[in-house]
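Notes follow once the structure below has been shown.
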Amino acid sequence: MWVCAKAFSSSANLGPGYDVLALAHDAYYDVVCVRKSEKTFVSRVTGAYEVPREGNNAIAAAEATLESLGADMGVEIWVHKGVPPGRGLGSSGATAAATVKAIELLLGKALDPNVAVRAAAEGERAATGSAHADNVAASYLGGLVMVMYNPLQVVQLGFPKVKFIVATPWFDVPEGKTGQARRVLPNEVSLSDLVTMTSGALAVVEGLKRGDSSLLARGLEMDPVVTPARSKLIPCYNEVYKAAKDAGALAVTISGAGPSIIILGDEGSAKAVIEKWKSCGIEASYKEVEVAKGASATTPPHV
C-alpha cells in the first residue's frame, strides 16, 4: 500500500530575507507517495506538471531521510506534481518536504524538525546544486519560517493571518533557472545595504505577526540587493511593478528566484499585472493565497 503526504508551495526571501525567510501558501501542492522497496527510485510521475523520474530530487530527499531514521531499506516513490517547476514557488522544495513526511509516516517515526529539514534540503541540493533550506522548511513545517545555517536550525515563526496575491508569468524559463538566479547576485554587499535588509527582514516578520499591513509592505520592499539583481531576469518586471502599484498594491516583490511575484494588494492590482504582462506578449495568471499548514498525511491521488 502507498503511504502519501502533501506539501504546499512556498515563497522564499519575502524581499530582504534572502535564504532566511520563507512562507508556505496554498497556491499549489505536491503529493508524494512511498512504499517499501529494495532500492530507492521514482516509479511514477503524475499530476499537472511533468518532471523526470531519473534524478528526481525526491530520491536524494528519501535517501537522506532513510539514513537519518537508520532504516536499512529503500522506497518506491510516486510523485504527483502540482507545484509548477521553475516559477519561484518552491516546487522542488514541496516535493522534498512531502517525501520526508511520507517516509516518516511509512515507518511510524518522526524526525527532529531540524533533521527533517536537513534531509529535505538534500533534495534541493540535487535539484539546484545548493542545499538551501528556506523553501523546504516552509513546506515541511508550514507557516512562516526562519532558517539559520552552520549548523542548520529552523525556527517556526507561526501562521500569520494574511492574504496576498501570487502572480506567475508563463514564459519559457531556462534549465537551471534557480542556479542562474543565484549567480547574478553579488558576493559582497555594502554595510548600508546590510542594515537595510536586516531592518527590512525584521519588518516583514513583525508585520506578519502583528497583522500590520503597512509595516509588512515597507519590509517587503526593503531589498536593495537581491530583488534588483533578479528583476533583470524577469521580462517587463519594472513595468509590471509600476502597474501593480498604480492599481493600489501596497507592495510587490519577487517570490524566491522568480519569475513569480508576490503582491500585497487586491484583485485590481493582480489584474493590472496580468494585463501588463499580456501587453509584453507574456501570458500570466494569479492566485489569491493564504498561509498554508505543514506537510501532512493524505490519500493517494486520483489519476
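Residues are named by chain letter and number: chains run A, B, ... in the order of the C-alpha cells, numbers start at 1 in each chain, and ligands are numbered from 1 in the order shown.
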Write out as a tab-separated table a residue-level contact list of segment 133-236 of chain A versus segment 19-22 of chain A with cut-off 6 Å: for each qualifying residue the closest pair of atoms and the distance in Å to one decimal, counting only C-alpha atoms, rows sorted by chain and residue number upward.
```
residue	atom	partner	partner_atom	distance
A:Asp134	CA	A:Ala22	CA	5.6
A:Ala138	CA	A:Ala22	CA	5.8
A:Leu144	CA	A:Ala22	CA	5.9
A:Val145	CA	A:Ala22	CA	5.5
A:Met146	CA	A:Leu21	CA	4.8
A:Val147	CA	A:Val20	CA	4.8
```
DSSP alpha helix (DSSP H) residues within segment 80-161 of chain A, listed as a VMD selection string: chain A and resid 91 to 107 113 to 128 134 to 141
Next, dump the selected residues to file, keeping only C-alpha atoms, as a PDB file, in the first residue's frame.
```pdb
ATOM      1  CA  SER A  91       8.415  23.336  -6.467  1.00  0.00           C
ATOM      2  CA  SER A  92      11.384  21.109  -5.673  1.00  0.00           C
ATOM      3  CA  GLY A  93      11.058  22.051  -2.008  1.00  0.00           C
ATOM      4  CA  ALA A  94       7.466  20.842  -1.893  1.00  0.00           C
ATOM      5  CA  THR A  95       8.460  17.514  -3.428  1.00  0.00           C
ATOM      6  CA  ALA A  96      11.309  17.068  -0.971  1.00  0.00           C
ATOM      7  CA  ALA A  97       9.215  18.025   2.059  1.00  0.00           C
ATOM      8  CA  ALA A  98       6.395  15.685   1.059  1.00  0.00           C
ATOM      9  CA  THR A  99       8.911  12.880   0.537  1.00  0.00           C
ATOM     10  CA  VAL A 100      10.367  13.278   4.021  1.00  0.00           C
ATOM     11  CA  LYS A 101       6.933  13.346   5.639  1.00  0.00           C
ATOM     12  CA  ALA A 102       5.712  10.330   3.636  1.00  0.00           C
ATOM     13  CA  ILE A 103       8.679   8.230   4.785  1.00  0.00           C
ATOM     14  CA  GLU A 104       8.152   9.291   8.393  1.00  0.00           C
ATOM     15  CA  LEU A 105       4.542   8.152   8.081  1.00  0.00           C
ATOM     16  CA  LEU A 106       5.535   4.903   6.368  1.00  0.00           C
ATOM     17  CA  LEU A 107       7.914   3.969   9.188  1.00  0.00           C
ATOM     18  CA  PRO A 113      12.419  19.143  12.621  1.00  0.00           C
ATOM     19  CA  ASN A 114      15.996  20.276  12.033  1.00  0.00           C
ATOM     20  CA  VAL A 115      16.986  16.794  10.888  1.00  0.00           C
ATOM     21  CA  ALA A 116      13.905  16.505   8.676  1.00  0.00           C
ATOM     22  CA  VAL A 117      14.597  19.840   7.007  1.00  0.00           C
ATOM     23  CA  ARG A 118      18.255  18.895   6.538  1.00  0.00           C
ATOM     24  CA  ALA A 119      17.160  15.717   4.772  1.00  0.00           C
ATOM     25  CA  ALA A 120      14.730  17.631   2.583  1.00  0.00           C
ATOM     26  CA  ALA A 121      17.460  20.150   1.766  1.00  0.00           C
ATOM     27  CA  GLU A 122      19.433  17.310   0.180  1.00  0.00           C
ATOM     28  CA  GLY A 123      16.601  17.188  -2.324  1.00  0.00           C
ATOM     29  CA  GLU A 124      17.238  20.874  -3.014  1.00  0.00           C
ATOM     30  CA  ARG A 125      20.925  20.158  -3.493  1.00  0.00           C
ATOM     31  CA  ALA A 126      20.011  17.565  -6.119  1.00  0.00           C
ATOM     32  CA  ALA A 127      17.602  19.954  -7.844  1.00  0.00           C
ATOM     33  CA  THR A 128      19.531  23.226  -7.752  1.00  0.00           C
ATOM     34  CA  ASP A 134      14.146  28.017   3.233  1.00  0.00           C
ATOM     35  CA  ASN A 135      11.579  26.553   0.831  1.00  0.00           C
ATOM     36  CA  VAL A 136      11.773  23.037   2.250  1.00  0.00           C
ATOM     37  CA  ALA A 137      11.436  24.343   5.800  1.00  0.00           C
ATOM     38  CA  ALA A 138       8.285  26.273   4.895  1.00  0.00           C
ATOM     39  CA  SER A 139       6.746  23.346   3.015  1.00  0.00           C
ATOM     40  CA  TYR A 140       7.626  20.856   5.747  1.00  0.00           C
ATOM     41  CA  LEU A 141       6.698  22.950   8.806  1.00  0.00           C
TER      42      LEU A 141
END
```
Per-residue DSSP, segment 59-219 of chain A, filtered to strand (DSSP E), as a list in words: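 The strand (DSSP E) subset of segment 59-219 of chain A is Gly74, Val75, Glu76, Ile77, Trp78, Val79, His80, Lys81, Leu144, Val145, Met146, Val147, Met148, Gln153, Val154, Val155, Gln156, Leu157, Gly158, Lys163, Phe164, Ile165, Val166, Ala167, Thr168 and Pro169 of chain A.
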Residue nearest Leu157 of chain A among A:Ala24, A:Ala272, A:Pro235, A:Val173 (counting only C-alpha atoms):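 Of A:Ala24, A:Ala272, A:Pro235, A:Val173, the one nearest Leu157 of chain A is A:Ala24, counting only C-alpha atoms.
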Long-range neighbours of Val166 of chain A as a PyMOL selection string, 12 Å cut-off, only C-alpha atoms, 2 positions minimum in chain: chain A and resi 9-11+14+24-28+87-89+163-164+168-169+252-256+258-267+269-271+273-274+284-291
Within 12 Å of Thr198 of chain A using only C-alpha atoms, minus same-chain residues under 4 positions, as a JSON list (two decimals) with N, CA, C and O atoms, in the first residue's frame:
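Result file is out-v3.json:
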```json
[["chain", "number", "residue", "atom", "x", "y", "z"],
["A", 15, "GLY", "N", 11.33, 39.39, 0.01],
["A", 15, "GLY", "CA", 12.04, 40.65, -0.13],
["A", 15, "GLY", "C", 13.43, 40.55, 0.45],
["A", 15, "GLY", "O", 14.33, 39.95, -0.14],
["A", 16, "PRO", "N", 13.67, 41.11, 1.65],
["A", 16, "PRO", "CA", 15.02, 41.21, 2.18],
["A", 16, "PRO", "C", 15.55, 39.96, 2.89],
["A", 16, "PRO", "O", 16.72, 39.91, 3.26],
["A", 17, "GLY", "N", 14.72, 38.93, 3.08],
["A", 17, "GLY", "CA", 15.14, 37.77, 3.89],
["A", 17, "GLY", "C", 15.78, 36.67, 3.07],
["A", 17, "GLY", "O", 15.40, 35.49, 3.19],
["A", 18, "TYR", "N", 16.76, 37.00, 2.25],
["A", 18, "TYR", "CA", 17.37, 36.04, 1.32],
["A", 18, "TYR", "C", 17.91, 34.81, 2.03],
["A", 18, "TYR", "O", 18.73, 34.92, 2.95],
["A", 20, "VAL", "N", 16.77, 33.08, 4.21],
["A", 20, "VAL", "CA", 16.48, 33.04, 5.64],
["A", 20, "VAL", "C", 14.99, 32.90, 5.92],
["A", 20, "VAL", "O", 14.58, 32.10, 6.77],
["A", 21, "LEU", "N", 14.16, 33.67, 5.22],
["A", 21, "LEU", "CA", 12.73, 33.67, 5.47],
["A", 21, "LEU", "C", 11.98, 32.96, 4.34],
["A", 21, "LEU", "O", 12.37, 33.04, 3.17],
["A", 191, "LEU", "N", 27.78, 47.77, 3.83],
["A", 191, "LEU", "CA", 27.24, 47.80, 5.18],
["A", 191, "LEU", "C", 25.87, 48.46, 5.21],
["A", 191, "LEU", "O", 24.96, 48.01, 5.91],
["A", 192, "SER", "N", 25.69, 49.53, 4.43],
["A", 192, "SER", "CA", 24.40, 50.21, 4.42],
["A", 192, "SER", "C", 23.31, 49.30, 3.86],
["A", 192, "SER", "O", 22.18, 49.30, 4.36],
["A", 193, "ASP", "N", 23.63, 48.51, 2.83],
["A", 193, "ASP", "CA", 22.64, 47.57, 2.28],
["A", 193, "ASP", "C", 22.32, 46.47, 3.28],
["A", 193, "ASP", "O", 21.16, 46.04, 3.39],
["A", 194, "LEU", "N", 23.33, 46.04, 4.01],
["A", 194, "LEU", "CA", 23.10, 45.02, 5.04],
["A", 194, "LEU", "C", 22.15, 45.55, 6.11],
["A", 194, "LEU", "O", 21.23, 44.83, 6.55],
["A", 202, "LEU", "N", 13.23, 42.14, 9.55],
["A", 202, "LEU", "CA", 12.53, 42.25, 10.84],
["A", 202, "LEU", "C", 11.14, 42.87, 10.65],
["A", 202, "LEU", "O", 10.17, 42.45, 11.30],
["A", 203, "ALA", "N", 11.03, 43.84, 9.76],
["A", 203, "ALA", "CA", 9.74, 44.47, 9.49],
["A", 203, "ALA", "C", 8.77, 43.47, 8.87],
["A", 203, "ALA", "O", 7.57, 43.47, 9.19],
["A", 204, "VAL", "N", 9.27, 42.60, 7.98],
["A", 204, "VAL", "CA", 8.42, 41.58, 7.38],
["A", 204, "VAL", "C", 7.89, 40.64, 8.46],
["A", 204, "VAL", "O", 6.68, 40.35, 8.52],
["A", 205, "VAL", "N", 8.77, 40.17, 9.32],
["A", 205, "VAL", "CA", 8.36, 39.22, 10.37],
["A", 205, "VAL", "C", 7.35, 39.87, 11.31],
["A", 205, "VAL", "O", 6.28, 39.30, 11.60],
["A", 219, "GLY", "N", 8.53, 46.49, 4.72],
["A", 219, "GLY", "CA", 9.59, 45.49, 4.82],
["A", 219, "GLY", "C", 9.79, 44.72, 3.53],
["A", 219, "GLY", "O", 10.94, 44.46, 3.12],
["A", 220, "LEU", "N", 8.72, 44.34, 2.85],
["A", 220, "LEU", "CA", 8.82, 43.54, 1.64],
["A", 220, "LEU", "C", 9.65, 44.22, 0.56],
["A", 220, "LEU", "O", 10.27, 43.55, -0.28],
["A", 222, "MET", "N", 12.19, 46.41, 1.17],
["A", 222, "MET", "CA", 13.48, 46.90, 1.67],
["A", 222, "MET", "C", 14.60, 45.92, 1.30],
["A", 222, "MET", "O", 15.29, 45.36, 2.15],
["A", 223, "ASP", "N", 14.75, 45.73, 0.01],
["A", 223, "ASP", "CA", 15.79, 44.83, -0.51],
["A", 223, "ASP", "C", 16.55, 45.53, -1.63],
["A", 223, "ASP", "O", 16.11, 45.52, -2.78],
["A", 224, "PRO", "N", 17.67, 46.14, -1.32],
["A", 224, "PRO", "CA", 18.43, 46.84, -2.34],
["A", 224, "PRO", "C", 19.40, 45.95, -3.11],
["A", 224, "PRO", "O", 20.16, 46.44, -3.96],
["A", 225, "VAL", "N", 19.40, 44.64, -2.83],
["A", 225, "VAL", "CA", 20.42, 43.75, -3.39],
["A", 225, "VAL", "C", 19.81, 42.66, -4.29],
["A", 225, "VAL", "O", 20.05, 42.63, -5.50]]
```
From A:Ala64, A:Val184, A:Ile234, A:Ala201, residue lying nearest Arg218 of chain A [only C-alpha atoms]: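 Among the listed residues, A:Ala201 lies closest to Arg218 of chain A.
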Segment 229-231 of chain A: which residues within 7 Å, counting only C-alpha atoms, same-chain residues fewer than 6 positions away excluded, as a PDB file with N, CA and C atoms, in the first residue's frame?
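File out-v7.pdb, as written:
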```
ATOM      1  N   ALA A 181      19.700  32.334 -11.189  1.00  0.00           N
ATOM      2  CA  ALA A 181      19.226  33.415 -10.328  1.00  0.00           C
ATOM      3  C   ALA A 181      20.132  33.620  -9.123  1.00  0.00           C
ATOM      4  N   VAL A 184      23.566  35.621 -10.423  1.00  0.00           N
ATOM      5  CA  VAL A 184      23.520  37.061 -10.714  1.00  0.00           C
ATOM      6  C   VAL A 184      23.688  37.901  -9.455  1.00  0.00           C
ATOM      7  N   LEU A 185      23.729  37.261  -8.292  1.00  0.00           N
ATOM      8  CA  LEU A 185      23.829  38.008  -7.045  1.00  0.00           C
ATOM      9  C   LEU A 185      25.280  38.339  -6.721  1.00  0.00           C
ATOM     10  N   TYR A 237       9.585  43.361 -15.749  1.00  0.00           N
ATOM     11  CA  TYR A 237       9.374  43.430 -14.302  1.00  0.00           C
ATOM     12  C   TYR A 237       9.081  44.858 -13.848  1.00  0.00           C
TER      13      TYR A 237
END
```
A:Glu275, A:Val162, A:Gly211, A:Ala61 ranked by distance to Ala247 of chain A, top pick (using only C-alpha atoms):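 Counting only C-alpha atoms, the residue closest to Ala247 of chain A is A:Glu275.
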Atom-to-atom span, atom CA of Tyr49 of chain A and atom CA of Met73 of chain A, Å: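 Straight-line distance from atom CA of Tyr49 of chain A to atom CA of Met73 of chain A works out to 28.9 Å.
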Surrounding residues of Arg53 of chain A excluding itself and chain neighbours under 5 positions, 10 Å, only C-alpha atoms, as a ChimeraX atom specification: /A:41-45,58-59,77-79
Would you mind exporting the chosen residues as a compact mmCIF listing (two decimals), in the first residue's frame, restricted to N, CA, C and O atoms?
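This went into part-v1.txt:
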```
# COMPACT_ATOMS: atom_id res chain seq x y z
N PHE A 41 13.82 4.60 -5.70
CA PHE A 41 13.64 5.08 -7.07
C PHE A 41 12.25 5.67 -7.23
O PHE A 41 11.34 5.39 -6.43
N VAL A 42 12.09 6.52 -8.24
CA VAL A 42 10.79 7.07 -8.59
C VAL A 42 10.19 6.21 -9.69
O VAL A 42 10.77 6.08 -10.79
N SER A 43 9.06 5.61 -9.42
CA SER A 43 8.42 4.73 -10.40
C SER A 43 7.32 5.42 -11.19
O SER A 43 7.00 5.02 -12.31
N ARG A 44 6.72 6.47 -10.61
CA ARG A 44 5.60 7.14 -11.27
C ARG A 44 5.70 8.64 -11.07
O ARG A 44 6.06 9.11 -9.97
N VAL A 45 5.37 9.38 -12.11
CA VAL A 45 5.18 10.82 -12.03
C VAL A 45 3.84 11.15 -12.68
O VAL A 45 3.62 10.83 -13.85
N ALA A 58 13.28 13.90 -5.29
CA ALA A 58 12.69 13.08 -4.23
C ALA A 58 13.61 11.95 -3.82
O ALA A 58 13.59 11.51 -2.66
N ILE A 59 14.42 11.48 -4.75
CA ILE A 59 15.32 10.35 -4.45
C ILE A 59 16.35 10.77 -3.39
O ILE A 59 16.57 10.06 -2.40
N ILE A 77 8.87 5.44 -5.03
CA ILE A 77 8.30 6.78 -4.87
C ILE A 77 7.37 7.11 -6.04
O ILE A 77 7.70 6.88 -7.20
N TRP A 78 6.24 7.66 -5.70
CA TRP A 78 5.28 8.18 -6.69
C TRP A 78 5.14 9.68 -6.42
O TRP A 78 4.72 10.09 -5.33
N VAL A 79 5.50 10.49 -7.41
CA VAL A 79 5.42 11.94 -7.29
C VAL A 79 4.22 12.43 -8.10
O VAL A 79 4.14 12.20 -9.31
```
